[in-house]
Every structure is written in C-alpha cells, then in structure tokens.
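Listing of final.cif, mmCIF, C-alpha atoms
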```cif
data_start
loop_
_atom_site.label_atom_id
_atom_site.label_comp_id
_atom_site.auth_asym_id
_atom_site.auth_seq_id
_atom_site.Cartn_x
_atom_site.Cartn_y
_atom_site.Cartn_z
CA MET U 1 -35.66 4.45 57.98
CA THR U 2 -37.37 7.79 58.30
CA LYS U 3 -41.10 8.32 58.59
CA LEU U 4 -42.72 10.73 56.14
CA THR U 5 -46.34 11.79 55.98
CA PHE U 6 -47.93 13.03 52.77
CA ILE U 7 -51.31 14.74 52.96
CA ALA U 8 -53.05 14.69 49.58
CA PHE U 9 -55.23 17.63 48.52
CA ASP U 10 -58.39 15.70 49.44
CA GLY U 11 -57.03 15.16 52.93
CA ALA U 12 -56.00 11.51 52.48
CA THR U 13 -52.92 10.73 54.56
CA PHE U 14 -50.04 8.54 53.42
CA GLU U 15 -47.49 7.46 55.99
CA VAL U 16 -44.40 5.94 54.46
CA GLU U 17 -41.07 4.57 55.66
CA ALA U 18 -38.40 6.26 53.58
CA GLU U 19 -34.81 5.28 53.09
CA ASN U 20 -32.29 7.94 54.01
CA GLY U 21 -30.64 9.35 50.91
CA SER U 22 -33.74 8.92 48.74
CA THR U 23 -35.77 11.97 47.77
CA VAL U 24 -39.17 12.86 49.17
CA MET U 25 -40.50 12.79 45.57
CA GLU U 26 -39.32 9.20 45.02
CA ASN U 27 -41.18 8.07 48.12
CA ALA U 28 -44.37 9.81 46.96
CA ILE U 29 -44.19 8.08 43.57
CA ARG U 30 -43.36 4.65 45.03
CA ASN U 31 -46.30 4.88 47.36
CA GLY U 32 -48.74 6.26 44.83
CA VAL U 33 -49.38 9.57 46.54
CA PRO U 34 -51.88 11.34 44.26
CA GLY U 35 -50.95 14.77 42.90
CA ILE U 36 -47.21 14.27 42.61
CA GLU U 37 -46.44 13.97 38.91
CA ALA U 38 -42.65 14.32 38.73
CA GLU U 39 -42.77 14.62 34.95
CA CYS U 40 -39.00 15.06 34.56
CA GLY U 41 -38.13 12.21 36.89
CA GLY U 42 -36.33 14.23 39.52
CA ALA U 43 -34.01 16.44 37.48
CA CYS U 44 -35.35 19.69 39.00
CA ALA U 45 -36.58 20.52 35.51
CA CYS U 46 -40.36 20.62 35.62
CA ALA U 47 -41.93 21.80 38.92
CA THR U 48 -44.53 19.00 38.99
CA CYS U 49 -43.52 17.50 42.36
CA HIS U 50 -44.37 20.68 44.26
CA VAL U 51 -45.28 20.26 47.95
CA TYR U 52 -45.94 22.49 50.93
CA VAL U 53 -43.70 21.67 53.88
CA ASP U 54 -45.59 21.68 57.18
CA GLU U 55 -44.87 24.95 59.02
CA GLU U 56 -43.27 23.08 61.91
CA TRP U 57 -40.73 21.54 59.56
CA THR U 58 -39.68 24.42 57.31
CA ASP U 59 -36.59 25.26 59.40
CA VAL U 60 -35.34 21.67 59.48
CA VAL U 61 -36.01 21.08 55.79
CA GLY U 62 -34.38 24.34 54.82
CA GLN U 63 -34.71 26.74 51.91
CA PRO U 64 -34.55 25.87 48.21
CA GLU U 65 -31.33 26.52 46.32
CA ALA U 66 -31.26 29.01 43.44
CA MET U 67 -31.97 26.41 40.74
CA GLU U 68 -35.00 25.11 42.64
CA GLU U 69 -36.27 28.67 43.23
CA ASP U 70 -36.08 29.18 39.47
CA MET U 71 -38.17 26.08 38.84
CA LEU U 72 -40.67 27.07 41.54
CA ASP U 73 -41.56 30.02 39.29
CA PHE U 74 -43.45 27.47 37.20
CA ALA U 75 -45.36 25.88 40.06
CA TYR U 76 -48.99 26.47 40.93
CA GLU U 77 -49.85 28.61 43.98
CA VAL U 78 -46.34 29.03 45.36
CA GLN U 79 -46.11 29.83 49.07
CA PRO U 80 -43.18 30.58 51.37
CA ASN U 81 -43.15 26.90 52.45
CA SER U 82 -43.18 25.60 48.86
CA ARG U 83 -40.51 23.08 47.86
CA LEU U 84 -39.94 20.70 44.98
CA SER U 85 -40.00 17.30 46.64
CA CYS U 86 -37.31 15.90 44.31
CA GLN U 87 -34.89 18.32 45.91
CA ILE U 88 -35.54 17.27 49.52
CA ARG U 89 -33.28 14.41 50.46
CA VAL U 90 -34.51 12.16 53.27
CA ARG U 91 -32.28 12.15 56.34
CA GLU U 92 -32.63 11.20 60.00
CA GLU U 93 -33.54 14.71 61.15
CA LEU U 94 -36.60 14.60 58.89
CA ASP U 95 -38.17 11.71 60.83
CA GLY U 96 -41.85 12.65 61.19
CA LEU U 97 -41.81 15.19 58.32
CA VAL U 98 -45.24 16.23 57.05
CA VAL U 99 -45.75 17.64 53.54
CA ARG U 100 -48.97 18.64 51.79
CA VAL U 101 -49.74 18.18 48.11
CA PRO U 102 -51.15 21.26 46.35
CA GLU U 103 -54.48 21.31 44.52
CA ARG U 104 -52.67 20.69 41.27
CA GLN U 105 -49.24 20.67 39.73
CA ALA U 106 -48.48 23.52 37.32
CA MET A 1 -50.73 25.51 -4.61
CA THR A 2 -48.42 24.93 -1.69
CA GLN A 3 -45.10 23.31 -2.43
CA VAL A 4 -44.92 19.74 -1.23
CA THR A 5 -41.70 18.32 0.21
CA LYS A 6 -41.32 14.63 -0.58
CA THR A 7 -39.35 12.23 1.54
CA ASP A 8 -39.26 8.52 2.36
CA VAL A 9 -39.91 8.82 6.08
CA LEU A 10 -41.44 11.74 7.95
CA ILE A 11 -40.43 11.73 11.61
CA VAL A 12 -42.55 13.69 14.08
CA GLY A 13 -40.20 14.77 16.87
CA ALA A 14 -36.45 15.41 16.83
CA GLY A 15 -35.58 14.08 20.28
CA PRO A 16 -32.88 11.46 20.78
CA VAL A 17 -35.06 8.60 19.52
CA GLY A 18 -36.25 10.47 16.41
CA LEU A 19 -32.62 11.38 15.66
CA PHE A 20 -31.36 7.81 16.04
CA ALA A 21 -34.17 6.59 13.79
CA VAL A 22 -32.50 8.62 11.02
CA PHE A 23 -29.40 6.45 11.48
CA GLU A 24 -31.19 3.11 11.34
CA LEU A 25 -33.37 4.21 8.41
CA GLY A 26 -30.34 5.72 6.66
CA LEU A 27 -28.45 2.43 6.73
CA LEU A 28 -31.40 1.04 4.79
CA ASP A 29 -31.24 3.89 2.23
CA LEU A 30 -34.32 5.70 3.53
CA LYS A 31 -34.28 9.51 3.55
CA CYS A 32 -35.79 11.30 6.53
CA HIS A 33 -37.38 14.65 7.25
CA LEU A 34 -37.98 15.61 10.89
CA ILE A 35 -40.48 18.14 12.25
CA ASP A 36 -40.25 19.49 15.80
CA ILE A 37 -42.02 22.19 17.77
CA LEU A 38 -38.76 23.34 19.36
CA ASP A 39 -36.32 25.53 17.42
CA ARG A 40 -33.50 22.97 17.63
CA PRO A 41 -32.94 19.22 17.82
CA GLY A 42 -32.89 17.27 21.08
CA GLY A 43 -36.42 17.32 22.49
CA GLN A 44 -36.53 16.93 26.27
CA CYS A 45 -32.74 16.42 26.39
CA ALA A 46 -32.23 19.89 24.95
CA GLU A 47 -35.21 21.65 26.55
CA LEU A 48 -35.51 20.11 30.02
CA TYR A 49 -32.06 18.90 30.99
CA PRO A 50 -29.27 19.94 28.60
CA GLU A 51 -26.73 20.09 31.43
CA LYS A 52 -27.97 17.19 33.53
CA PRO A 53 -26.07 13.90 33.40
CA ILE A 54 -27.54 10.72 31.89
CA TYR A 55 -25.99 7.51 33.21
CA ASP A 56 -27.79 4.77 31.29
CA ILE A 57 -26.71 5.16 27.69
CA PRO A 58 -24.78 1.99 26.81
CA ALA A 59 -21.01 2.57 26.65
CA LEU A 60 -21.30 6.18 27.82
CA PRO A 61 -20.86 6.07 31.60
CA VAL A 62 -22.02 9.67 31.80
CA VAL A 63 -23.22 12.09 29.15
CA SER A 64 -25.15 15.36 29.43
CA GLY A 65 -28.45 15.79 27.62
CA GLN A 66 -26.96 18.29 25.17
CA GLU A 67 -23.85 16.20 24.55
CA LEU A 68 -26.00 13.18 23.71
CA VAL A 69 -27.90 15.29 21.19
CA ASP A 70 -24.67 16.67 19.70
CA ARG A 71 -23.26 13.16 19.31
CA LEU A 72 -26.44 11.87 17.69
CA MET A 73 -26.40 14.79 15.25
CA GLU A 74 -22.81 13.88 14.35
CA GLN A 75 -23.72 10.22 13.99
CA ILE A 76 -26.59 10.90 11.55
CA ARG A 77 -24.83 13.57 9.50
CA PRO A 78 -23.85 11.12 6.70
CA PHE A 79 -27.56 10.59 6.00
CA ASP A 80 -28.23 14.31 5.53
CA PRO A 81 -31.53 14.48 7.43
CA GLN A 82 -33.74 17.49 6.75
CA PHE A 83 -35.32 19.43 9.62
CA THR A 84 -38.30 21.73 9.96
CA PHE A 85 -38.20 23.38 13.39
CA SER A 86 -40.68 25.49 15.38
CA ARG A 87 -43.62 23.73 13.76
CA ILE A 88 -46.26 21.40 15.05
CA VAL A 89 -47.69 18.73 12.77
CA ALA A 90 -51.28 19.86 12.45
CA SER A 91 -52.77 17.19 10.23
CA LEU A 92 -52.03 13.82 8.73
CA GLU A 93 -54.00 12.17 5.95
CA ARG A 94 -53.57 8.99 4.01
CA LEU A 95 -53.03 9.34 0.26
CA PRO A 96 -54.68 7.02 -2.28
CA ASP A 97 -51.28 5.42 -3.04
CA GLY A 98 -50.89 4.39 0.60
CA GLY A 99 -48.45 7.14 1.57
CA PHE A 100 -49.20 10.09 3.83
CA ARG A 101 -49.58 13.82 3.54
CA VAL A 102 -48.55 15.79 6.60
CA THR A 103 -49.23 19.49 7.11
CA THR A 104 -47.71 21.82 9.70
CA ASP A 105 -49.46 24.61 11.59
CA GLU A 106 -47.81 27.06 9.18
CA GLY A 107 -49.15 25.26 6.15
CA GLU A 108 -46.02 23.47 4.91
CA ALA A 109 -46.91 20.16 3.29
CA PHE A 110 -44.93 16.92 3.21
CA GLU A 111 -45.50 13.60 1.53
CA ALA A 112 -43.93 10.41 2.83
CA LYS A 113 -44.39 6.67 2.45
CA VAL A 114 -43.96 6.15 6.18
CA VAL A 115 -44.66 8.31 9.23
CA VAL A 116 -42.78 7.75 12.48
CA ILE A 117 -44.17 9.37 15.61
CA ALA A 118 -41.27 9.95 17.99
CA ALA A 119 -42.99 12.72 19.89
CA GLY A 120 -41.92 11.74 23.42
CA GLY A 121 -44.17 13.27 26.06
CA GLY A 122 -45.89 15.34 23.38
CA SER A 123 -45.12 18.76 21.99
CA PHE A 124 -43.76 21.55 24.13
CA GLN A 125 -46.35 24.27 24.44
CA PRO A 126 -46.59 27.40 26.59
CA LYS A 127 -47.78 26.67 30.08
CA ARG A 128 -51.08 28.27 31.05
CA PRO A 129 -50.74 30.13 34.35
CA PRO A 130 -53.10 29.11 37.15
CA ILE A 131 -55.46 32.08 36.85
CA PRO A 132 -59.18 31.29 37.00
CA GLY A 133 -61.03 32.09 33.78
CA ILE A 134 -57.92 32.96 31.74
CA GLU A 135 -59.16 30.79 28.83
CA ALA A 136 -61.84 33.37 27.99
CA TYR A 137 -59.18 35.99 27.24
CA GLU A 138 -56.74 33.81 25.29
CA GLY A 139 -56.14 34.94 21.74
CA LYS A 140 -58.03 38.21 22.36
CA SER A 141 -56.12 39.99 25.10
CA VAL A 142 -53.97 37.23 26.60
CA PHE A 143 -51.11 35.91 24.45
CA TYR A 144 -48.38 33.36 25.09
CA ALA A 145 -46.08 34.59 22.36
CA VAL A 146 -45.42 37.81 20.48
CA ARG A 147 -45.82 37.37 16.75
CA ARG A 148 -46.03 41.09 15.88
CA MET A 149 -44.85 43.80 18.23
CA GLU A 150 -47.19 46.32 16.56
CA ALA A 151 -50.16 44.42 18.01
CA PHE A 152 -49.16 45.81 21.41
CA ARG A 153 -48.75 49.47 20.41
CA GLY A 154 -50.53 51.84 22.76
CA GLU A 155 -51.71 49.05 25.05
CA ASP A 156 -51.42 48.83 28.82
CA LEU A 157 -49.31 45.72 28.96
CA LEU A 158 -48.84 43.29 31.81
CA ILE A 159 -45.96 40.83 31.44
CA VAL A 160 -45.67 37.98 33.94
CA GLY A 161 -42.59 35.87 34.53
CA GLY A 162 -38.94 36.01 35.50
CA GLY A 163 -37.14 34.21 32.69
CA ASP A 164 -35.56 35.37 29.46
CA SER A 165 -38.85 35.56 27.52
CA ALA A 166 -40.47 37.81 30.12
CA LEU A 167 -37.45 40.08 30.40
CA ASP A 168 -36.69 40.23 26.66
CA TRP A 169 -40.25 41.19 25.82
CA THR A 170 -40.31 43.74 28.64
CA LEU A 171 -37.29 45.44 27.08
CA ASN A 172 -38.57 45.15 23.50
CA LEU A 173 -42.18 46.16 24.10
CA GLN A 174 -41.52 49.02 26.54
CA PRO A 175 -41.12 51.60 23.75
CA VAL A 176 -44.28 50.35 22.01
CA ALA A 177 -46.66 49.93 24.95
CA ARG A 178 -48.51 52.83 26.52
CA ARG A 179 -47.63 51.48 29.94
CA LEU A 180 -45.84 48.28 30.86
CA THR A 181 -45.89 46.44 34.18
CA LEU A 182 -43.72 43.40 34.87
CA VAL A 183 -44.96 40.99 37.54
CA HIS A 184 -42.83 38.24 39.03
CA ARG A 185 -43.36 36.27 42.21
CA ARG A 186 -39.99 37.24 43.71
CA PRO A 187 -37.39 39.97 43.23
CA GLU A 188 -34.81 37.54 41.75
CA PHE A 189 -34.86 36.58 38.08
CA ARG A 190 -33.80 33.56 36.05
CA ALA A 191 -33.15 35.74 33.01
CA ALA A 192 -29.70 36.81 31.81
CA PRO A 193 -28.19 39.34 34.26
CA ASP A 194 -27.71 41.87 31.45
CA SER A 195 -31.45 41.88 30.68
CA VAL A 196 -32.27 42.16 34.37
CA ASN A 197 -29.99 45.19 34.71
CA LYS A 198 -31.56 46.86 31.69
CA MET A 199 -35.03 46.21 33.09
CA LEU A 200 -34.03 47.64 36.49
CA ALA A 201 -32.67 50.74 34.74
CA LEU A 202 -36.03 51.23 32.98
CA LYS A 203 -37.76 50.87 36.32
CA GLU A 204 -35.44 53.42 37.95
CA ALA A 205 -36.15 55.81 35.09
CA GLY A 206 -39.87 55.41 35.71
CA LYS A 207 -40.46 53.89 32.26
CA ILE A 208 -41.89 50.62 33.50
CA ASP A 209 -43.40 49.33 36.73
CA PHE A 210 -42.29 46.21 38.51
CA GLN A 211 -44.52 44.40 40.97
CA VAL A 212 -43.57 41.39 43.10
CA GLY A 213 -46.45 38.97 43.30
CA GLN A 214 -48.63 36.40 41.54
CA VAL A 215 -51.63 37.16 39.34
CA LYS A 216 -54.74 35.82 41.07
CA ALA A 217 -57.65 37.11 39.03
CA LEU A 218 -58.54 38.91 35.80
CA THR A 219 -61.32 41.39 35.16
CA GLY A 220 -62.75 42.27 31.77
CA GLU A 221 -65.56 41.69 29.30
CA ASN A 222 -65.95 39.63 26.15
CA GLY A 223 -62.37 38.45 26.28
CA MET A 224 -60.98 41.98 26.61
CA LEU A 225 -58.97 42.58 29.76
CA LYS A 226 -59.46 45.58 32.01
CA SER A 227 -57.34 44.74 35.01
CA ALA A 228 -55.50 42.05 36.90
CA THR A 229 -55.37 41.36 40.62
CA VAL A 230 -51.83 40.74 41.84
CA LYS A 231 -51.24 39.25 45.26
CA GLY A 232 -47.99 40.65 46.59
CA PRO A 233 -46.03 39.72 49.72
CA GLN A 234 -48.22 42.04 51.82
CA ASP A 235 -51.45 42.85 50.03
CA GLU A 236 -53.36 42.65 46.78
CA VAL A 237 -53.04 45.30 44.10
CA GLU A 238 -55.24 45.94 41.11
CA ILE A 239 -53.28 46.71 37.94
CA ALA A 240 -55.09 48.20 34.95
CA CYS A 241 -54.11 46.40 31.76
CA THR A 242 -55.46 45.70 28.28
CA ARG A 243 -53.03 42.97 27.28
CA LEU A 244 -51.43 40.17 29.30
CA LEU A 245 -48.37 38.18 28.28
CA PRO A 246 -47.70 35.30 30.70
CA PHE A 247 -44.35 33.51 30.30
CA PHE A 248 -44.48 30.43 32.48
CA GLY A 249 -42.27 28.13 30.48
CA LEU A 250 -43.28 25.11 28.48
CA THR A 251 -45.23 21.98 29.21
CA MET A 252 -45.74 18.86 27.14
CA LYS A 253 -49.09 18.21 25.49
CA LEU A 254 -50.02 15.35 23.19
CA GLY A 255 -51.50 17.87 20.75
CA PRO A 256 -52.97 17.06 17.33
CA VAL A 257 -51.60 13.46 17.36
CA ALA A 258 -54.84 12.64 19.14
CA GLU A 259 -56.79 13.55 16.00
CA TRP A 260 -54.98 11.36 13.50
CA GLY A 261 -57.25 8.35 13.85
CA ILE A 262 -54.64 6.25 15.64
CA ASN A 263 -55.75 4.18 18.61
CA LEU A 264 -54.60 5.78 21.86
CA ASN A 265 -54.44 4.53 25.39
CA GLU A 266 -54.12 7.19 28.09
CA ASN A 267 -52.26 9.53 25.73
CA LEU A 268 -49.87 6.78 24.65
CA ILE A 269 -49.88 4.97 21.33
CA PRO A 270 -50.15 1.17 21.56
CA VAL A 271 -47.75 -0.61 19.18
CA ASP A 272 -46.67 -4.15 18.44
CA THR A 273 -43.19 -5.17 19.55
CA GLU A 274 -42.08 -6.59 16.22
CA LYS A 275 -42.35 -3.43 14.14
CA PHE A 276 -43.56 -0.77 16.58
CA GLU A 277 -46.39 -0.03 14.19
CA THR A 278 -49.57 1.70 15.36
CA SER A 279 -53.14 0.65 14.60
CA GLU A 280 -52.65 2.42 11.24
CA PRO A 281 -50.38 0.53 8.83
CA GLY A 282 -47.42 2.67 7.79
CA ILE A 283 -47.55 4.84 10.92
CA PHE A 284 -45.03 3.81 13.55
CA ALA A 285 -44.53 5.10 17.10
CA ILE A 286 -41.21 4.86 18.94
CA GLY A 287 -39.79 6.23 22.19
CA ASP A 288 -41.68 7.58 25.19
CA ILE A 289 -44.93 8.07 23.27
CA ASN A 290 -45.60 4.40 22.57
CA HIS A 291 -46.83 1.63 24.81
CA TYR A 292 -46.57 -2.17 24.84
CA PRO A 293 -46.36 -4.78 27.59
CA GLY A 294 -43.17 -4.22 29.55
CA LYS A 295 -42.49 -0.77 28.06
CA LEU A 296 -39.78 1.24 29.78
CA LYS A 297 -39.45 4.94 29.02
CA LEU A 298 -35.71 4.81 28.48
CA ILE A 299 -33.73 6.39 25.66
CA LEU A 300 -32.02 3.05 25.07
CA SER A 301 -35.39 1.32 24.62
CA GLY A 302 -36.29 3.96 22.05
CA PHE A 303 -33.06 3.22 20.15
CA HIS A 304 -33.96 -0.46 19.99
CA GLU A 305 -37.46 0.38 18.81
CA ALA A 306 -35.98 2.60 16.07
CA ALA A 307 -33.84 -0.26 14.73
CA LEU A 308 -36.74 -2.70 14.47
CA MET A 309 -39.11 -0.08 13.08
CA ALA A 310 -36.57 0.71 10.33
CA GLN A 311 -36.70 -2.88 9.03
CA ALA A 312 -40.48 -2.67 8.68
CA ALA A 313 -40.33 0.82 7.14
CA LYS A 314 -37.85 -0.44 4.55
CA ARG A 315 -40.29 -3.12 3.39
CA ILE A 316 -43.00 -0.49 2.92
CA VAL A 317 -40.86 2.04 1.03
CA HIS A 318 -38.94 -0.49 -1.10
CA PRO A 319 -41.26 -3.51 -1.22
CA ASN A 320 -39.32 -5.25 -3.99
CA GLU A 321 -35.87 -5.01 -2.42
CA LYS A 322 -34.52 -7.88 -0.45
CA VAL A 323 -33.18 -6.68 2.91
CA VAL A 324 -29.93 -8.38 3.85
CA PHE A 325 -29.01 -7.95 7.48
CA GLN A 326 -25.53 -6.44 7.80
CA TYR A 327 -23.13 -5.16 10.45
CA THR A 328 -21.56 -1.70 10.21
CA THR A 329 -18.29 -3.26 11.40
CA SER A 330 -17.89 -5.53 8.42
CA SER A 331 -20.20 -4.41 5.62
CA THR A 332 -18.46 -2.31 2.99
CA SER A 333 -21.80 -1.14 1.60
CA LEU A 334 -22.88 0.18 5.02
CA GLN A 335 -19.46 1.77 5.49
CA LYS A 336 -19.84 3.51 2.14
CA LYS A 337 -23.15 4.99 3.31
CA LEU A 338 -21.49 6.18 6.51
CA GLY A 339 -18.69 7.76 4.49
CA VAL A 340 -16.00 5.90 6.43
CA LEU A 341 -14.67 3.76 3.60
CA ASP A 342 -11.31 4.95 2.21
#
```

Show me, as structure tokens, the structure contained in the file I just sent.
Amino acid sequence: MTKLTFIAFDGATFEVEAENGSTVMENAIRNGVPGIEAECGGACACATCHVYVDEEWTDVVGQPEAMEEDMLDFAYEVQPNSRLSCQIRVREELDGLVVRVPERQA
Amino acid sequence: MTQVTKTDVLIVGAGPVGLFAVFELGLLDLKCHLIDILDRPGGQCAELYPEKPIYDIPALPVVSGQELVDRLMEQIRPFDPQFTFSRIVASLERLPDGGFRVTTDEGEAFEAKVVVIAAGGGSFQPKRPPIPGIEAYEGKSVFYAVRRMEAFRGEDLLIVGGGDSALDWTLNLQPVARRLTLVHRRPEFRAAPDSVNKMLALKEAGKIDFQVGQVKALTGENGMLKSATVKGPQDEVEIACTRLLPFFGLTMKLGPVAEWGINLNENLIPVDTEKFETSEPGIFAIGDINHYPGKLKLILSGFHEAALMAQAAKRIVHPNEKVVFQYTTSSTSLQKKLGVLD
C-alpha cells in the first residue's frame, strides 16, 4: 500500500492508503475527496480530475503524455505541475505523494 | 405554419441507449425519431471515447465506443429510425389528445404519442473558459460558435484554443478579420497537423499573431470587448480585441429538460423500475439520466431499461393491441420485421 495525501481547495487534508496499480483519481473518488469529478470515469476524456502535484513530487510523478496534455487544455488554471489524476498510476515510489485539488474543475 | 413531423416515439438523445430503444420499440411496431445535439449518433461513446475500449457489453469482450455505435446503427437499420442532429430539444408540451409536441431550438416541430428521454449526462454544449466576468460579454462580443463569418468582418479577433475548431476558424476568419490573434496555453496543438502548418505559415507571413498563454481577464463596456489580458510563460500581455472566440471543447449540461415539468432529483430523473416512466405519464427516461434505487450508470443497464420501457410505450401508442411476448430467435413475425426471414 502507498500513502497519498489529497489537499482539497479549502485546505482539508485526506490521507489515504492506495493500492499500487490503481489510479490517483480512483483513490480520490473512493475516499470522497471534494473537487475531483472524474466525469468520464478515467478515460482521459474530460479533464475533470485535474490536480496539482506537490512541487517536491513533480520529478517522481513525471510529465503527462501527449494525450493527457491535450486534455489539460480543457482544465481550469493549468500550471506546470498540473496533471490529470486518472493518468497517475500509484506505485511504490509515490509513497507519501501530495496532490492539491484546484478551485474548480473545468 | 411550421411543418410538423409525426412519429410514434420521440427519443431525446442518440447515444447507445437511445439507439437500442429503437430496436426494442421497433420489434413492437413503433416508429422512432431521435434528436441529438451532436452532429452524429453515439453520444458520449462517439464524442468522449470513440477509440477507448469498453469491456462490459455482454458477449463483446472488448469493443470501442465508435464500434459499439456502428453496430447499434446496423442493428436498428431494419426499423428505419429518423434522426435530427445538431439540435437541442427546446420545449415539450402535452397535447389535448395525450400526446406531446416537441420543438427544437431551430423551430422544427414534432408530435409523438410517447417521449423517451435518453439524454445521458445532458446535452453537449461549449465549455465556458474560466475567465472572470465573461458572461457579460457572451452573445455580444464573445461567441462559442461561428454562425456567419461576415459578423467578424473588420473586427480585431481573439481566438483561444488549440484544437481543430480554434485552428479551422483561425484559417477561415483570417481574411475577414482586421487583425487576428490566436492564443493557446502551449506551443503544441491538438488540431490536424495540416491546419497547424497553415496557421504557422500565416504567422510567419505576419498575417496573424500567435501568443502562448491563458486568458486571465477581459476589459470592455456594456458587453463590448476592448482587450484581453493573457498570462504567458513569462509575463502578462494586453491584447486589443473586439471579438473573442473561445474553443474549449464541450461539456454536458442538463439543459432545457429541467423546464419540462418533470420531477428531478439532483439533475437526474426519478423513474419507476417497471416501466421507467417519469412523474409525467407518457414521458420515459432511460440510461444515465434516470435514477431509481440501485441504479448503475452502465450501458447494459440502459439496454434493459429500454426493453421494459418499450412494453409500456406500446400500450400507450396501441392501447387496443394485445402484446404477445416473443423471442427474435423463434418468432417469424419478429424475424419479418428484422428482414431476416427468407
């Protein structure tokens, strides 16, 4: 199990134990993290599971692939550390990962 | 007087569940007309994930969104469904005889004995970009679609986006606009490479401007734009413009369904699980848009709902006919309808 921390826009913190192989989005939904909508259910087709990866983690998490970059065009307030959480797969190296939820999804 | 199209069942939404409803209704001799805001059948399957695999359609271990739509279209062909695309159903009223009159946003009128709402997550509509105060300019100097190119003649035009719509309109409106600036948050584009190359050639020739960045603020008066603030990778720039065309893709909105007098619960339509009928007799709701205890938003659940709804619709349209339950495998009358009988 890998520990993930979600910080909602209002500052509320959600620490969850995530299974490796699941996506960061799935763990947000399962744990009721507010502000993650995931309208398309994880198909990288809607840009409503947008998160900001904590600066300390951007290198480990890595950069979005081309398809995700395309979808990020539709997200609200995109920053260099923006990712779609359905495209981040949980793995051991991400233990302790912190992501922030934007003010709103698209 | 507008011409009125008459049909047995008017289906709002041509996604997979609306399409399969044509099959179940067709077996019961009911003719269908479908209206959809998109320009083609398939709904979310066609718009959101045409190439993505679906793994939970019974007997199809894997099928792409588009392939599912193509197969459904083939399956319902014997029933000759009629389609009206690129329209939103604007109003619905009950007629004195118990049927319904449905009107689109373009004024087309339909009359049907039964209305089936298979509108999924709602209708696809242009996404509003996250710019504070943009609402005040909409319809006056901010537009989400180009109906007439002439409306942009001589204007200082700002186009925002990196997909095909943004690039196509950049190419088409460049000769008409006084000045055209394209803004996109990064130097790469989703649009077809050919359009991107043409746009870059216009930029090289000094005929358009291209700015990397995101629009943060608008300035103007009484709904008429004067300029836009674009935050680039380094700093903010002010771009003078009189018209703004943002192309940020589509989002799903419930839309006018909310005004049809049907009971709603958090943007979903409560139905019974025998007939999938709404609070209004003769109006049914199937697929992702309905709600009942235990509801699952699965395509296969929508198919089941379509089959049960069809039985109830039949009794409304042909109240004096006795409905005999039959299997397509063994019933020669059903096979005749499907056109598979030698």

Query raised in the report: Do you know which residues the PyMOL selection byres ((chain A) within 10 of (chain U)) returns on this file, as a ChimeraX atom specification?
Result: /A:44,47-49,52-53,121,127-131,161-163,184-186,188-191,214-216,233,247-252

Report task. Would you write out, as a ChimeraX atom specification, every residue that the PyMOL selection byres ((chain U and resi 54) around 8) captures in this file? Result -> /U:52-53,55-58,81,97-100

Requested in this report: Determine, counting all atoms listed in the file, which protein, DNA and RNA residues have an atom within 8 Å of an atom of region 202-208 of chain A; residues of the same chain fewer than 5 positions away are not included. Present the result as a list of chain:residue names.
Outcome: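 Near neighbours after the sequence-gap exclusion: A:Gln174, A:Arg179, A:Leu180, A:Thr181, A:Leu182.
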
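Across A:Leu95, A:Val62, A:Leu27, A:Leu72, the tightest approach to Thr328 (chain A) is made by A:Leu27 when counting all atoms listed in the file.
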
Query raised in the report: Interatomic distance between CA of Val257 (chain A) and CA of Gly35 (chain U)?
Result: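 It comes out at 25.6 Å.
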
Query - Non-local contacts of Gly120 (chain A) (9 Å; all atoms listed in the file; under 3 positions in same chain excluded) as a ChimeraX atom specification - result: /A:13,15,17,43-44,117,123,252,254,286-290

Query - Ground truth for the PyMOL selection byres ((chain U and resi 64) around 9), written as a list of chain:residue names - result: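 That selection, the PyMOL selection byres ((chain U and resi 64) around 9), comes back as U:Gly62, U:Gln63, U:Glu65, U:Ala66, U:Met67, U:Glu68, U:Glu69, U:Ser82, U:Arg83, U:Leu84, U:Gln87, U:Ile88.
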
Report summary line: Pairwise distance, CA of Leu25 (chain A) with CA of Ala310 (chain A), equals 5.1 Å

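Going from CA of Gln82 (chain A) to CA of Ile11 (chain A) covers 10.1 Å.
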
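Neighbouring residues of Gly282 (chain A) at 9 Å or closer, counting all atoms listed in the file and skipping chain neighbours under 6 positions away, are Gly98, Gly99, Phe100, Lys113, Val114, Val115, Val116, Ala312, Ala313 and Ile316 of chain A.
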
Report task. Could you give me, as a PyMOL selection string, the residues within 10 Å of Val16 (chain U), counting all atoms listed in the file and dropping anything in the same chain fewer than 5 positions from it? Result -> chain U and resi 1-6+27-28+30-31+96

Report task. Kindly indicate which residue among A:His304, A:Ala217, A:Gln234, A:Lys297 lies nearest to Gly41 (chain U), using only C-alpha atoms for the distances. Result ->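 When distances to Gly41 (chain U) are compared using only C-alpha atoms, the smallest one comes from A:Lys297.
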